[in-house]
$ cat my_file16.pdb   # PDB, C-alpha atoms
ATOM      1  CA  MET Z   1     110.185   3.890 -85.803
ATOM      2  CA  GLU Z   2     107.065   5.097 -84.153
ATOM      3  CA  ARG Z   3     106.553   8.733 -83.337
ATOM      4  CA  TYR Z   4     105.633   9.727 -79.814
ATOM      5  CA  ASP Z   5     104.136  13.057 -78.994
ATOM      6  CA  LYS Z   6     105.226  14.989 -75.913
ATOM      7  CA  ALA Z   7     101.919  14.559 -74.088
ATOM      8  CA  ALA Z   8     102.159  10.778 -74.278
ATOM      9  CA  LEU Z   9     105.738  10.838 -73.015
ATOM     10  CA  ASN Z  10     104.830  13.200 -70.160
ATOM     11  CA  ALA Z  11     101.988  10.913 -69.114
ATOM     12  CA  LEU Z  12     104.494   8.090 -68.646
ATOM     13  CA  ALA Z  13     106.935  10.214 -66.642
ATOM     14  CA  PRO Z  14     107.025   9.604 -62.872
ATOM     15  CA  PRO Z  15     105.459  12.284 -60.683
ATOM     16  CA  GLU Z  16     107.687  15.062 -59.452
ATOM     17  CA  PRO Z  17     109.184  14.362 -56.019
ATOM     18  CA  ARG Z  18     108.054  16.434 -53.070
ATOM     19  CA  THR Z  19     110.321  19.147 -51.806
ATOM     20  CA  GLU Z  20     112.056  18.774 -48.451
ATOM     21  CA  GLY Z  21     110.010  21.603 -46.933
ATOM     22  CA  SER Z  22     106.744  19.955 -47.831
ATOM     23  CA  LEU Z  23     107.910  16.587 -46.510
ATOM     24  CA  ALA Z  24     109.035  18.138 -43.218
ATOM     25  CA  SER Z  25     105.728  19.975 -42.924
ATOM     26  CA  THR Z  26     103.798  16.752 -43.502
ATOM     27  CA  LEU Z  27     105.870  14.890 -40.924
ATOM     28  CA  ARG Z  28     105.420  17.702 -38.402
ATOM     29  CA  THR Z  29     101.654  17.624 -38.942
ATOM     30  CA  LEU Z  30     101.566  13.847 -38.557
ATOM     31  CA  LEU Z  31     103.579  13.937 -35.320
ATOM     32  CA  PHE Z  32     101.385  16.710 -33.927
ATOM     33  CA  PHE Z  33      98.166  14.804 -34.548
ATOM     34  CA  THR Z  34      99.688  11.540 -33.300
ATOM     35  CA  THR Z  35     100.627  13.210 -30.027
ATOM     36  CA  LEU Z  36      97.220  14.825 -29.809
ATOM     37  CA  MET Z  37      95.513  11.483 -30.511
ATOM     38  CA  ILE Z  38      97.378   9.871 -27.606
ATOM     39  CA  LEU Z  39      97.349  12.612 -24.983
ATOM     40  CA  LEU Z  40      93.958  14.282 -25.413
ATOM     41  CA  PRO Z  41      91.663  11.243 -24.963
ATOM     42  CA  ILE Z  42      93.703   9.836 -22.069
ATOM     43  CA  GLY Z  43      93.895  13.209 -20.350
ATOM     44  CA  LEU Z  44      90.216  13.913 -20.837
ATOM     45  CA  TYR Z  45      89.290  10.424 -19.652
ATOM     46  CA  PHE Z  46      91.024  10.714 -16.304
ATOM     47  CA  SER Z  47      90.311  14.395 -15.700
ATOM     48  CA  SER Z  48      86.612  14.104 -16.547
ATOM     49  CA  LYS Z  49      86.306  10.942 -14.454
ATOM     50  CA  VAL Z  50      87.890  12.412 -11.340
ATOM     51  CA  TYR Z  51      86.963  16.094 -11.477
ATOM     52  CA  VAL Z  52      83.691  16.231 -13.418
ATOM     53  CA  PHE Z  53      81.801  12.997 -12.902
ATOM     54  CA  GLU Z  54      82.992  11.923  -9.439
ATOM     55  CA  GLY Z  55      83.900  15.327  -8.008
ATOM     56  CA  THR Z  56      81.334  17.761  -9.345
ATOM     57  CA  LEU Z  57      78.421  15.499 -10.240
ATOM     58  CA  GLY Z  58      78.975  12.991  -7.405
ATOM     59  CA  MET Z  59      78.562   9.872  -9.564
ATOM     60  CA  SER Z  60      79.641   6.448  -8.416
ATOM     61  CA  ASN Z  61      82.961   4.986  -9.511
ATOM     62  CA  ARG Z  62      81.241   2.574 -11.870
ATOM     63  CA  ASP Z  63      79.130   5.234 -13.618
ATOM     64  CA  SER Z  64      82.040   7.650 -13.944
ATOM     65  CA  TYR Z  65      84.057   5.048 -15.892
ATOM     66  CA  PHE Z  66      81.277   4.763 -18.447
ATOM     67  CA  TYR Z  67      80.769   8.492 -19.001
ATOM     68  CA  ALA Z  68      84.507   9.237 -19.007
ATOM     69  CA  ALA Z  69      84.944   6.626 -21.741
ATOM     70  CA  ILE Z  70      82.295   8.409 -23.804
ATOM     71  CA  VAL Z  71      84.201  11.683 -23.386
ATOM     72  CA  ALA Z  72      87.414   9.968 -24.543
ATOM     73  CA  VAL Z  73      85.712   8.480 -27.616
ATOM     74  CA  VAL Z  74      84.297  11.881 -28.562
ATOM     75  CA  ALA Z  75      87.804  13.351 -28.185
ATOM     76  CA  VAL Z  76      89.227  10.694 -30.538
ATOM     77  CA  HIS Z  77      86.602  11.525 -33.137
ATOM     78  CA  PHE Z  78      87.299  15.236 -32.746
ATOM     79  CA  VAL Z  79      91.048  14.770 -33.293
ATOM     80  CA  LEU Z  80      90.386  12.525 -36.282
ATOM     81  CA  ALA Z  81      88.088  15.142 -37.823
ATOM     82  CA  LEU Z  82      90.735  17.828 -37.281
ATOM     83  CA  PHE Z  83      93.350  15.633 -38.943
ATOM     84  CA  ILE Z  84      91.137  15.011 -41.966
ATOM     85  CA  TYR Z  85      90.409  18.739 -42.227
ATOM     86  CA  ALA Z  86      94.131  19.596 -42.051
ATOM     87  CA  ALA Z  87      95.045  16.929 -44.599
ATOM     88  CA  TRP Z  88      92.274  18.054 -46.947
ATOM     89  CA  ASN Z  89      93.395  21.693 -46.784
ATOM     90  CA  GLU Z  90      97.046  20.771 -47.247
ATOM     91  CA  GLY Z  91      96.218  18.708 -50.331
ATOM     92  CA  SER Z  92      94.022  21.394 -51.860
ATOM     93  CA  GLN Z  93      96.674  24.032 -51.172
ATOM     94  CA  GLN Z  94      99.322  21.967 -52.985
ATOM     95  CA  TRP Z  95      96.877  21.363 -55.834
ATOM     96  CA  ARG Z  96      96.207  25.107 -56.187
ATOM     97  CA  GLU Z  97      99.926  25.891 -56.173
ATOM     98  CA  GLY Z  98     100.519  23.290 -58.872
ATOM     99  CA  LYS Z  99      97.569  24.621 -60.865
ATOM    100  CA  GLN Z 100      99.008  28.152 -60.962
ATOM    101  CA  ASP Z 101     102.344  27.030 -62.404
TER     102      ASP Z 101
END

$ encode --input "my_file16.pdb" --output "structure tokens"
Amino acid sequence: MERYDKAALNALAPPEPRTEGSLASTLRTLLFFTTLMILLPIGLYFSSKVYVFEGTLGMSNRDSYFYAAIVAVVAVHFVLALFIYAAWNEGSQQWREGKQD
């Protein structure tokens, strides 16, 4: 029979499952950013088109579509950056908690 040391056996063990609290927190974060990704660009598109570009700046209908689309694209990138930041911090927080154990 071959001898196995504990480190080799632990390396083959499956990772520990996540706790229910952490899974619920991750799902809540995902749903929040999904909702934000849908509502913020659409809301900013129509509000900036009507109130800012056509109302305040007096642009034509055709020009306001173009600039409102740019505002919506910037909003999508902003939400995506926030999501990456939140995911990065959540992962590093879990890593630090595991490191202290």

$ residues_around --input "my_file16.pdb" --residues "stretch 20-35 of chain Z" --least-positions-apart "4" --cutoff "8 Å" --atoms "all atoms listed in the file" --output "MDAnalysis selection string"
chainID Z and resid 39 79 83

$ atom_distance --input "my_file16.pdb" --atom1 "atom CA of Z:Tyr85" --atom2 "atom CA of Z:Ile70"
22.6 Å

$ atom_distance --input "my_file16.pdb" --atom1 "atom CA of Z:Leu57" --atom2 "atom CA of Z:Tyr45"
15.2 Å

$ atom_distance --input "my_file16.pdb" --atom1 "atom CA of Z:Tyr67" --atom2 "atom CA of Z:Met37"
18.9 Å

$ residues_around --input "my_file16.pdb" --residues "Z:Phe66" --least-positions-apart "5" --cutoff "10 Å" --atoms "only C-alpha atoms" --output "NGL selection string"
:Z and (45 or 49 or 53 or 61 or 71)

$ closest_residue --input "my_file16.pdb" --among "Z:Pro41, Z:Ala87, Z:Leu36, Z:Met59" --to "Z:Ala75" --atoms "only C-alpha atoms"
Z:Pro41

$ axis_aligned_box --input "my_file16.pdb" --around "stretch 62-73 of chain Z" --padding-each-side "8 Å" --output "AutoDock Vina command-line options"
--center_x 83.3 --center_y 7.1 --center_z -19.7 --size_x 24.3 --size_y 25.1 --size_z 31.7

$ resolve_selection --input "my_file16.pdb" --expression "the PyMOL selection byres ((chain Z and resi 46) around 10)" --output "PDB file with C-alpha atoms, in the coordinates of the input"
ATOM      1  CA  PRO Z  41      91.663  11.243 -24.963  1.00  0.00           C
ATOM      2  CA  ILE Z  42      93.703   9.836 -22.069  1.00  0.00           C
ATOM      3  CA  GLY Z  43      93.895  13.209 -20.350  1.00  0.00           C
ATOM      4  CA  LEU Z  44      90.216  13.913 -20.837  1.00  0.00           C
ATOM      5  CA  TYR Z  45      89.290  10.424 -19.652  1.00  0.00           C
ATOM      6  CA  SER Z  47      90.311  14.395 -15.700  1.00  0.00           C
ATOM      7  CA  SER Z  48      86.612  14.104 -16.547  1.00  0.00           C
ATOM      8  CA  LYS Z  49      86.306  10.942 -14.454  1.00  0.00           C
ATOM      9  CA  VAL Z  50      87.890  12.412 -11.340  1.00  0.00           C
ATOM     10  CA  TYR Z  51      86.963  16.094 -11.477  1.00  0.00           C
ATOM     11  CA  VAL Z  52      83.691  16.231 -13.418  1.00  0.00           C
ATOM     12  CA  SER Z  64      82.040   7.650 -13.944  1.00  0.00           C
ATOM     13  CA  TYR Z  65      84.057   5.048 -15.892  1.00  0.00           C
ATOM     14  CA  ALA Z  68      84.507   9.237 -19.007  1.00  0.00           C
ATOM     15  CA  ALA Z  69      84.944   6.626 -21.741  1.00  0.00           C
ATOM     16  CA  VAL Z  71      84.201  11.683 -23.386  1.00  0.00           C
ATOM     17  CA  ALA Z  72      87.414   9.968 -24.543  1.00  0.00           C
TER      18      ALA Z  72
END
